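Visitor: File follows, my_file-v7.cif with mmCIF, C-alpha atoms:
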data_upload
#
loop_
_atom_site.label_atom_id
_atom_site.label_comp_id
_atom_site.auth_asym_id
_atom_site.auth_seq_id
_atom_site.Cartn_x
_atom_site.Cartn_y
_atom_site.Cartn_z
CA MET A 1 45.81 -36.05 -47.89
CA ILE A 2 43.49 -33.69 -49.80
CA GLY A 3 41.88 -32.56 -46.55
CA GLU A 4 45.31 -31.93 -45.04
CA LYS A 5 46.32 -29.80 -48.04
CA LEU A 6 43.09 -27.81 -47.81
CA SER A 7 43.66 -27.31 -44.10
CA ARG A 8 47.18 -26.02 -44.75
CA SER A 9 45.84 -23.71 -47.46
CA GLN A 10 43.18 -22.34 -45.13
CA ARG A 11 45.73 -21.75 -42.38
CA SER A 12 48.01 -20.01 -44.86
CA LYS A 13 45.19 -17.77 -46.07
CA PHE A 14 44.18 -16.92 -42.50
CA GLY A 15 47.79 -16.11 -41.70
CA ASN A 16 48.00 -13.78 -44.69
CA TYR A 17 44.88 -11.88 -43.68
CA TRP A 18 45.99 -11.78 -40.05
CA SER A 19 49.35 -10.29 -41.06
CA LEU A 20 47.52 -7.42 -42.78
CA ILE A 21 46.24 -6.05 -39.47
CA LYS A 22 49.70 -5.79 -37.81
CA SER A 23 48.40 -7.44 -34.66
CA LEU A 24 50.98 -6.01 -32.22
CA GLN A 25 50.42 -2.44 -33.41
CA THR A 26 46.64 -2.94 -33.36
CA ALA A 27 46.81 -4.42 -29.85
CA LEU A 28 48.81 -1.45 -28.54
CA LEU A 29 46.35 1.08 -29.98
CA LEU A 30 43.43 -0.94 -28.65
CA PHE A 31 45.08 -0.91 -25.23
CA THR A 32 45.23 2.90 -25.34
CA ALA A 33 41.49 3.01 -26.13
CA VAL A 34 40.71 0.78 -23.16
CA ALA A 35 42.96 2.97 -21.00
CA GLY A 36 41.04 6.06 -22.09
CA TYR A 37 37.78 4.39 -21.10
CA THR A 38 39.02 3.04 -17.77
CA SER A 39 40.43 6.44 -16.84
CA VAL A 40 36.76 7.29 -16.21
CA LYS A 41 34.84 4.06 -15.59
CA CYS A 42 35.67 0.72 -14.01
CA PRO A 43 35.17 -1.89 -16.75
CA ILE A 44 33.93 -4.52 -14.29
CA GLY A 45 30.57 -2.81 -13.95
CA GLU A 46 30.40 -1.86 -17.65
CA SER A 47 31.12 -5.21 -19.28
CA SER A 48 28.81 -4.76 -22.29
CA GLN A 49 30.21 -1.33 -23.10
CA ILE A 50 33.85 -2.34 -22.73
CA ILE A 51 33.22 -5.38 -24.96
CA GLY A 52 31.59 -3.11 -27.55
CA LEU A 53 34.52 -0.71 -27.30
CA SER A 54 37.00 -3.53 -27.82
CA ILE A 55 35.17 -4.97 -30.82
CA SER A 56 34.52 -1.65 -32.56
CA MET A 57 38.01 -0.28 -31.93
CA PHE A 58 39.77 -3.49 -32.93
CA LEU A 59 37.86 -3.67 -36.22
CA ALA A 60 38.32 0.03 -37.01
CA ILE A 61 42.06 -0.01 -36.25
CA ALA A 62 42.56 -3.29 -38.11
CA GLY A 63 40.51 -2.00 -41.05
CA SER A 64 42.55 1.16 -41.39
CA THR A 65 45.75 -0.89 -41.22
CA VAL A 66 44.56 -3.21 -43.98
CA LEU A 67 43.61 -0.26 -46.18
CA ASN A 68 47.03 1.26 -45.56
CA MET A 69 48.65 -2.01 -46.62
CA VAL A 70 46.59 -2.05 -49.82
CA TRP A 71 47.65 1.49 -50.71
CA ASP A 72 51.32 0.94 -49.79
CA ARG A 73 51.80 -2.44 -51.49
CA ASP A 74 54.11 -0.93 -54.12
CA ILE A 75 56.28 0.63 -51.43
CA ASP A 76 56.37 -2.60 -49.44
CA SER A 77 57.59 -4.54 -52.48
CA ARG A 78 60.66 -2.26 -52.69
CA MET A 79 61.62 -2.52 -49.01
CA GLN A 80 63.59 -5.47 -47.73
CA ARG A 81 61.78 -5.68 -44.40
CA THR A 82 58.29 -5.60 -45.97
CA ALA A 83 58.75 -7.41 -49.30
CA HIS A 84 57.42 -10.62 -47.71
CA ARG A 85 54.02 -9.09 -46.92
CA PRO A 86 51.19 -10.94 -48.70
CA LEU A 87 50.13 -7.99 -50.86
CA ALA A 88 53.69 -7.07 -51.76
CA ASN A 89 54.62 -10.60 -52.83
CA GLY A 90 51.31 -11.37 -54.54
CA GLU A 91 50.06 -14.06 -52.14
CA LEU A 92 46.82 -12.11 -51.65
CA GLN A 93 44.74 -10.45 -54.34
CA VAL A 94 44.43 -6.70 -53.95
CA ASN A 95 40.67 -6.60 -54.46
CA HIS A 96 40.15 -9.28 -51.79
CA ALA A 97 42.24 -7.34 -49.27
CA LEU A 98 40.46 -4.10 -50.18
CA ILE A 99 37.04 -5.65 -49.61
CA PHE A 100 38.26 -7.15 -46.33
CA GLY A 101 39.60 -3.79 -45.11
CA ILE A 102 36.44 -1.89 -46.05
CA LEU A 103 34.18 -4.56 -44.55
CA ILE A 104 35.80 -4.70 -41.12
CA SER A 105 36.10 -0.89 -41.03
CA VAL A 106 32.37 -0.49 -41.74
CA VAL A 107 31.42 -3.12 -39.16
CA GLY A 108 33.67 -1.46 -36.59
CA LEU A 109 32.17 1.97 -37.25
CA SER A 110 28.65 0.52 -37.14
CA VAL A 111 29.27 -1.01 -33.72
CA ALA A 112 30.80 2.28 -32.59
CA TYR A 113 27.72 4.22 -33.74
CA TRP A 114 25.47 1.75 -31.93
CA LEU A 115 27.42 2.46 -28.75
CA ASP A 116 27.48 6.26 -29.09
CA PRO A 117 27.38 8.62 -32.12
CA LEU A 118 30.08 10.97 -30.80
CA TYR A 119 32.34 8.04 -30.02
CA ALA A 120 31.77 6.77 -33.57
CA LEU A 121 32.64 10.20 -34.95
CA VAL A 122 35.98 10.21 -33.12
CA VAL A 123 36.74 6.68 -34.31
CA ALA A 124 35.81 7.62 -37.89
CA GLY A 125 37.98 10.73 -37.63
CA GLY A 126 40.98 8.63 -36.63
CA LEU A 127 40.39 6.22 -39.49
CA PHE A 128 40.03 9.04 -42.02
CA ILE A 129 43.16 10.84 -40.82
CA ASP A 130 45.19 7.64 -40.88
CA VAL A 131 44.09 6.30 -44.27
CA VAL A 132 43.33 9.40 -46.32
CA ILE A 133 45.41 12.26 -44.89
CA TYR A 134 48.45 10.35 -43.63
CA THR A 135 48.79 7.36 -45.94
CA MET A 136 47.20 8.44 -49.21
CA TRP A 137 48.08 12.15 -49.21
CA LEU A 138 51.15 12.98 -47.12
CA LYS A 139 53.27 9.88 -46.47
CA ARG A 140 55.00 10.00 -49.85
CA ARG A 141 55.32 13.78 -49.89
CA THR A 142 56.74 14.97 -46.56
CA PRO A 143 58.42 13.57 -43.44
CA TRP A 144 56.02 15.74 -41.43
CA SER A 145 53.29 13.27 -42.29
CA ILE A 146 54.08 11.60 -38.95
CA VAL A 147 52.33 14.51 -37.22
CA TRP A 148 49.06 13.42 -38.80
CA GLY A 149 49.97 9.82 -38.14
CA GLY A 150 50.48 10.80 -34.51
CA ILE A 151 47.06 12.41 -34.34
CA SER A 152 45.40 9.28 -35.70
CA GLY A 153 47.42 7.22 -33.23
CA GLY A 154 46.09 9.37 -30.39
CA MET A 155 42.46 9.10 -31.43
CA PRO A 156 41.81 5.69 -29.79
CA ILE A 157 42.59 6.94 -26.26
CA LEU A 158 40.44 10.01 -26.88
CA ALA A 159 37.64 7.80 -28.25
CA GLY A 160 37.73 5.55 -25.21
CA ARG A 161 37.38 8.51 -22.88
CA VAL A 162 34.60 10.01 -25.02
CA LEU A 163 32.63 6.77 -24.79
CA ALA A 164 32.96 6.83 -21.01
CA ILE A 165 31.95 10.46 -20.38
CA GLY A 166 29.89 11.30 -23.47
CA HIS A 167 31.88 14.36 -24.57
CA ILE A 168 35.37 15.54 -25.49
CA ASP A 169 37.23 17.01 -22.53
CA ALA A 170 40.61 18.64 -21.93
CA LEU A 171 42.09 15.54 -20.32
CA GLY A 172 41.16 13.44 -23.34
CA ILE A 173 42.92 15.96 -25.59
CA LEU A 174 45.95 15.86 -23.27
CA PHE A 175 46.13 12.08 -23.55
CA LEU A 176 45.86 12.36 -27.34
CA LEU A 177 48.73 14.88 -27.24
CA SER A 178 50.83 12.50 -25.16
CA VAL A 179 50.51 9.80 -27.84
CA LEU A 180 51.18 12.35 -30.59
CA LEU A 181 54.41 13.38 -28.83
CA TRP A 182 55.37 9.74 -28.25
CA ILE A 183 55.01 8.84 -31.95
CA PRO A 184 58.34 10.44 -33.07
CA THR A 185 60.21 8.46 -30.41
CA HIS A 186 58.66 5.28 -31.73
CA ILE A 187 58.72 6.01 -35.47
CA LEU A 188 61.85 8.08 -36.04
CA THR A 189 64.11 5.58 -34.29
CA PHE A 190 62.66 2.94 -36.61
CA ASN A 191 63.23 5.23 -39.61
CA ILE A 192 66.89 5.57 -38.69
CA LYS A 193 67.33 1.81 -38.30
CA ASN A 194 65.73 1.18 -41.71
CA PHE A 195 67.14 4.29 -43.39
CA GLU A 196 68.20 2.59 -46.63
CA ASP A 197 64.88 0.78 -46.96
CA TYR A 198 62.90 4.02 -46.72
CA ARG A 199 65.25 5.74 -49.16
CA ARG A 200 64.92 2.84 -51.61
CA ALA A 201 61.14 3.09 -51.43
CA GLY A 202 61.18 6.87 -51.90
CA ILE A 203 59.56 7.63 -48.55
CA PRO A 204 60.74 10.99 -47.14
CA THR A 205 62.02 10.74 -43.57
CA PHE A 206 63.48 13.20 -41.10
CA ALA A 207 66.79 11.35 -41.21
CA ASP A 208 66.99 11.76 -44.98
CA ARG A 209 65.73 15.36 -45.05
CA TYR A 210 67.42 16.83 -41.95
CA GLY A 211 70.14 14.33 -41.06
CA PHE A 212 70.60 11.86 -38.21
CA LYS A 213 71.72 14.39 -35.61
CA ALA A 214 68.69 16.65 -36.04
CA THR A 215 66.40 13.61 -36.06
CA ARG A 216 67.84 12.38 -32.77
CA TRP A 217 67.27 15.81 -31.24
CA ILE A 218 63.64 15.68 -32.39
CA ILE A 219 63.33 12.24 -30.79
CA ALA A 220 64.77 13.53 -27.51
CA ILE A 221 62.52 16.61 -27.43
CA SER A 222 59.40 14.60 -28.26
CA SER A 223 60.30 12.09 -25.53
CA VAL A 224 60.42 14.90 -22.97
CA GLY A 225 57.09 16.24 -24.23
CA ALA A 226 55.43 12.81 -24.10
CA THR A 227 56.55 12.09 -20.54
CA LEU A 228 55.42 15.52 -19.33
CA ALA A 229 52.01 15.18 -21.01
CA ILE A 230 51.40 11.73 -19.54
CA ALA A 231 52.61 12.83 -16.09
CA LEU A 232 50.26 15.82 -16.16
CA GLY A 233 47.41 13.56 -17.25
CA LEU A 234 48.01 11.10 -14.44
CA TYR A 235 48.30 13.91 -11.91
CA SER A 236 44.96 15.27 -13.15
CA LEU A 237 43.40 11.86 -12.55
CA GLY A 238 44.47 12.12 -8.91
CA LEU A 239 46.50 8.92 -8.83
CA SER A 240 48.53 8.13 -5.73
CA TRP A 241 52.19 9.00 -5.48
CA GLY A 242 53.01 5.31 -5.73
CA TYR A 243 51.71 5.27 -9.28
CA MET A 244 53.37 8.59 -10.02
CA ARG A 245 56.71 7.21 -8.81
CA LEU A 246 56.24 4.17 -11.04
CA LEU A 247 55.58 6.45 -14.00
CA GLY A 248 58.65 8.45 -13.03
CA PHE A 249 60.75 5.28 -13.13
CA LEU A 250 59.41 4.39 -16.58
CA SER A 251 59.92 7.95 -17.80
CA LEU A 252 63.48 7.99 -16.51
CA GLY A 253 64.25 4.97 -18.67
CA LEU A 254 62.79 6.63 -21.76
CA LEU A 255 64.56 9.94 -21.19
CA SER A 256 67.86 8.22 -20.38
CA LEU A 257 67.79 6.30 -23.65
CA ALA A 258 66.79 9.45 -25.53
CA ALA A 259 69.77 11.27 -24.01
CA PHE A 260 72.04 8.33 -24.74
CA ILE A 261 71.35 8.42 -28.49
CA LEU A 262 72.51 12.04 -28.45
CA ILE A 263 75.66 11.34 -26.44
CA ARG A 264 76.61 8.06 -28.11
CA PRO A 265 74.59 7.80 -31.32
CA SER A 266 74.40 4.41 -32.99
CA GLU A 267 71.80 2.28 -34.75
CA LYS A 268 71.93 -0.19 -31.87
CA HIS A 269 71.05 2.47 -29.30
CA ASP A 270 68.32 3.82 -31.57
CA PHE A 271 66.83 0.32 -31.72
CA TYR A 272 66.94 -0.02 -27.93
CA LEU A 273 64.95 3.20 -27.64
CA PHE A 274 62.50 2.02 -30.28
CA LYS A 275 61.81 -1.18 -28.32
CA TYR A 276 61.63 0.56 -24.95
CA ALA A 277 59.25 3.21 -26.26
CA SER A 278 56.56 0.55 -26.79
CA LEU A 279 57.11 -0.86 -23.30
CA TYR A 280 56.91 2.65 -21.87
CA MET A 281 53.60 3.34 -23.58
CA MET A 282 52.14 0.02 -22.43
CA GLY A 283 53.26 0.74 -18.86
CA ALA A 284 51.79 4.25 -18.94
CA MET A 285 48.48 2.94 -20.29
CA ALA A 286 48.40 0.26 -17.57
CA ILE A 287 48.85 2.96 -14.92
CA ILE A 288 46.06 5.06 -16.46
CA SER A 289 43.79 1.99 -16.49
CA SER A 290 44.41 1.48 -12.77
CA SER A 291 42.80 4.80 -11.91
CA THR A 292 39.27 3.37 -11.56
CA PHE A 293 40.13 0.09 -9.83
#
Show this structure as structure tokens.
Guide:
Amino acid sequence: MIGEKLSRSQRSKFGNYWSLIKSLQTALLLFTAVAGYTSVKCPIGESSQIIGLSISMFLAIAGSTVLNMVWDRDIDSRMQRTAHRPLANGELQVNHALIFGILISVVGLSVAYWLDPLYALVVAGGLFIDVVIYTMWLKRRTPWSIVWGGISGGMPILAGRVLAIGHIDALGILFLLSVLLWIPTHILTFNIKNFEDYRRAGIPTFADRYGFKATRWIIAISSVGATLAIALGLYSLGLSWGYMRLLGFLSLGLLSLAAFILIRPSEKHDFYLFKYASLYMMGAMAIISSSTF
């Protein structure tokens, strides 16, 4: 009985720490890093490097997410959708989570440096932008903080490509830009859906500052920009027209939903676009990854 209780306690503690890393978000960003790498090299012949990339990027992304959760615990406690998080409800001690976040960040950056110093610098830059500039400095001050959040979100795909070729190139910057332009489609639709939560927490959003109509126009424009940037990137990789047609099909879905929220705005349609935006990005990254197979 005692052993069973300890086992349940251990599982509960593991679950609390696991929830700090936002596994789905971390997995998506990790996927973009792998896509950046495989846009240059086939991972089959570079197994040790792709494993090192996966470990270092996972730990760095997860570490930055944990540190964000530590800093935003007061906000999370005031929002209905996040009040259950282990730092917001007191299930985890703040100092334990802080040590955990710092530790896995340092290990991730150390592995990254072992792989390649420039790669490590890009990874560190993404972590710094996300934690310090976006979360600690701008998130509570301006809705335009998502621009910096978008840059940090685009750093993994740039880092993956840097590890593969050993330098920063124009195509890597273009892929970073495509993620940056995709971020408003993903984030602003979520902001609209949870408008009252963000207002309650005192987080400035485009919907609150500029209104829903202007926010939906920003979403639509950024969706067009993201699809064009990714299409140009794939064309530069020299992918076959079969892959380009597949991307066109995925892009048509994104642009159609973006247009639909302008024509028939509703929270339900915003949420459909929010969900599809993640599927679109995963599909685009899968197509990029296919370029070296």
Visitor: Applying the PyMOL selection byres ((chain A and resi 239-241) around 12) to the file I just gave you, which residues come out? Please list them as a PDB file with C-alpha atoms, in the coordinates of the input.
Guide:
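See part.pdb below for the written result:
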ATOM      1  CA  SER A  39      40.430   6.440 -16.840  1.00  0.00           C
ATOM      2  CA  ALA A 231      52.610  12.830 -16.090  1.00  0.00           C
ATOM      3  CA  LEU A 232      50.260  15.820 -16.160  1.00  0.00           C
ATOM      4  CA  GLY A 233      47.410  13.560 -17.250  1.00  0.00           C
ATOM      5  CA  LEU A 234      48.010  11.100 -14.440  1.00  0.00           C
ATOM      6  CA  TYR A 235      48.300  13.910 -11.910  1.00  0.00           C
ATOM      7  CA  SER A 236      44.960  15.270 -13.150  1.00  0.00           C
ATOM      8  CA  LEU A 237      43.400  11.860 -12.550  1.00  0.00           C
ATOM      9  CA  GLY A 238      44.470  12.120  -8.910  1.00  0.00           C
ATOM     10  CA  GLY A 242      53.010   5.310  -5.730  1.00  0.00           C
ATOM     11  CA  TYR A 243      51.710   5.270  -9.280  1.00  0.00           C
ATOM     12  CA  MET A 244      53.370   8.590 -10.020  1.00  0.00           C
ATOM     13  CA  ARG A 245      56.710   7.210  -8.810  1.00  0.00           C
ATOM     14  CA  LEU A 246      56.240   4.170 -11.040  1.00  0.00           C
ATOM     15  CA  LEU A 247      55.580   6.450 -14.000  1.00  0.00           C
ATOM     16  CA  GLY A 248      58.650   8.450 -13.030  1.00  0.00           C
ATOM     17  CA  ILE A 287      48.850   2.960 -14.920  1.00  0.00           C
ATOM     18  CA  ILE A 288      46.060   5.060 -16.460  1.00  0.00           C
ATOM     19  CA  SER A 289      43.790   1.990 -16.490  1.00  0.00           C
ATOM     20  CA  SER A 290      44.410   1.480 -12.770  1.00  0.00           C
ATOM     21  CA  SER A 291      42.800   4.800 -11.910  1.00  0.00           C
ATOM     22  CA  THR A 292      39.270   3.370 -11.560  1.00  0.00           C
ATOM     23  CA  PHE A 293      40.130   0.090  -9.830  1.00  0.00           C
TER      24      PHE A 293
END
Visitor: What would the selection look like, as a PDB file with C-alpha atoms, in the coordinates of the input, if the PyMOL selection byres ((chain A and resi 269) around 12) were run on the coordinates I just shared?
Guide:
ATOM      1  CA  THR A 189      64.110   5.580 -34.290  1.00  0.00           C
ATOM      2  CA  PHE A 190      62.660   2.940 -36.610  1.00  0.00           C
ATOM      3  CA  ILE A 192      66.890   5.570 -38.690  1.00  0.00           C
ATOM      4  CA  LYS A 193      67.330   1.810 -38.300  1.00  0.00           C
ATOM      5  CA  ARG A 216      67.840  12.380 -32.770  1.00  0.00           C
ATOM      6  CA  LEU A 254      62.790   6.630 -21.760  1.00  0.00           C
ATOM      7  CA  SER A 256      67.860   8.220 -20.380  1.00  0.00           C
ATOM      8  CA  LEU A 257      67.790   6.300 -23.650  1.00  0.00           C
ATOM      9  CA  ALA A 258      66.790   9.450 -25.530  1.00  0.00           C
ATOM     10  CA  ALA A 259      69.770  11.270 -24.010  1.00  0.00           C
ATOM     11  CA  PHE A 260      72.040   8.330 -24.740  1.00  0.00           C
ATOM     12  CA  ILE A 261      71.350   8.420 -28.490  1.00  0.00           C
ATOM     13  CA  LEU A 262      72.510  12.040 -28.450  1.00  0.00           C
ATOM     14  CA  ILE A 263      75.660  11.340 -26.440  1.00  0.00           C
ATOM     15  CA  ARG A 264      76.610   8.060 -28.110  1.00  0.00           C
ATOM     16  CA  PRO A 265      74.590   7.800 -31.320  1.00  0.00           C
ATOM     17  CA  SER A 266      74.400   4.410 -32.990  1.00  0.00           C
ATOM     18  CA  GLU A 267      71.800   2.280 -34.750  1.00  0.00           C
ATOM     19  CA  LYS A 268      71.930  -0.190 -31.870  1.00  0.00           C
ATOM     20  CA  ASP A 270      68.320   3.820 -31.570  1.00  0.00           C
ATOM     21  CA  PHE A 271      66.830   0.320 -31.720  1.00  0.00           C
ATOM     22  CA  TYR A 272      66.940  -0.020 -27.930  1.00  0.00           C
ATOM     23  CA  LEU A 273      64.950   3.200 -27.640  1.00  0.00           C
ATOM     24  CA  PHE A 274      62.500   2.020 -30.280  1.00  0.00           C
ATOM     25  CA  LYS A 275      61.810  -1.180 -28.320  1.00  0.00           C
ATOM     26  CA  TYR A 276      61.630   0.560 -24.950  1.00  0.00           C
TER      27      TYR A 276
END
Visitor: May I have the protein, DNA and RNA residues with any atom at most 9 Å from the point (48.9, 6.4, -44.7), counting only C-alpha atoms, written as a PyMOL selection string?
Guide: chain A and resi 64-65+67-69+71-72+129-140+145+149
Visitor: Check what the PyMOL selection byres ((chain A and resi 29-37) around 10) selects in the file above and give those residues as a VMD selection string.
Guide: chain A and resid 23 to 28 38 to 43 49 to 51 53 to 62 153 to 165 171 to 172 175 to 176 179 281 to 282 284 to 292
Visitor: Would you mind reading off the distance between atom CA of A:Asn194 and atom CA of A:Ser77, one decimal, in Å?
Guide: 14.7 Å
Visitor: Do you have the atom CA of A:Phe249-atom CA of A:Gly225 distance handy?
Guide: 16.0 Å
Visitor: Which residue is closest to A:Arg200? Choose from A:Lys213, A:Arg141, A:Lys22, A:Arg78 and count all atoms listed in the file.
Guide: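 Nearest to A:Arg200: A:Arg78.
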Visitor: Select, from A:Val107, A:Ala220, A:Ile102, A:Leu20, the residue with the minimum atom-to-atom distance to A:Arg73, counting all atoms listed in the file.
Guide: A:Leu20
Visitor: Do you have the atom CA of A:Leu92-atom CA of A:Ile203 distance handy?
Guide: 23.7 Å
Visitor: If we count only C-alpha atoms, what is near A:Ile99 at a cut-off of 10 Å, once residues fewer than 5 positions away on the same chain are taken out, given as an MDAnalysis selection string?
Guide: chainID A and resid 63 66:67 94 104:105
Visitor: From the set A:Pro184, A:Gly166, A:Gly15, A:Gly150, which residue has the shortest atom-to-atom contact distance to A:Ile221, counting only C-alpha atoms?
Guide: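 Of A:Pro184, A:Gly166, A:Gly15, A:Gly150, the one nearest A:Ile221, counting only C-alpha atoms, is A:Pro184.
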Visitor: Nearest residue to A:Leu181 out of A:Trp148, A:Phe212, A:Trp18, A:Tyr119, using only C-alpha atoms?
Guide: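 Among the listed residues, the smallest separation from A:Leu181 belongs to A:Trp148.
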Visitor: Find the residues with any atom within 10 Å of (27.4, 6.0, -41.8); use only C-alpha atoms and the coordinates as given in the file, and write the answer as a list in words.
Guide: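 The answer, in the requested form, is Val106, Leu109, Ser110, Tyr113, Ala120, Leu121 and Ala124 of chain A.
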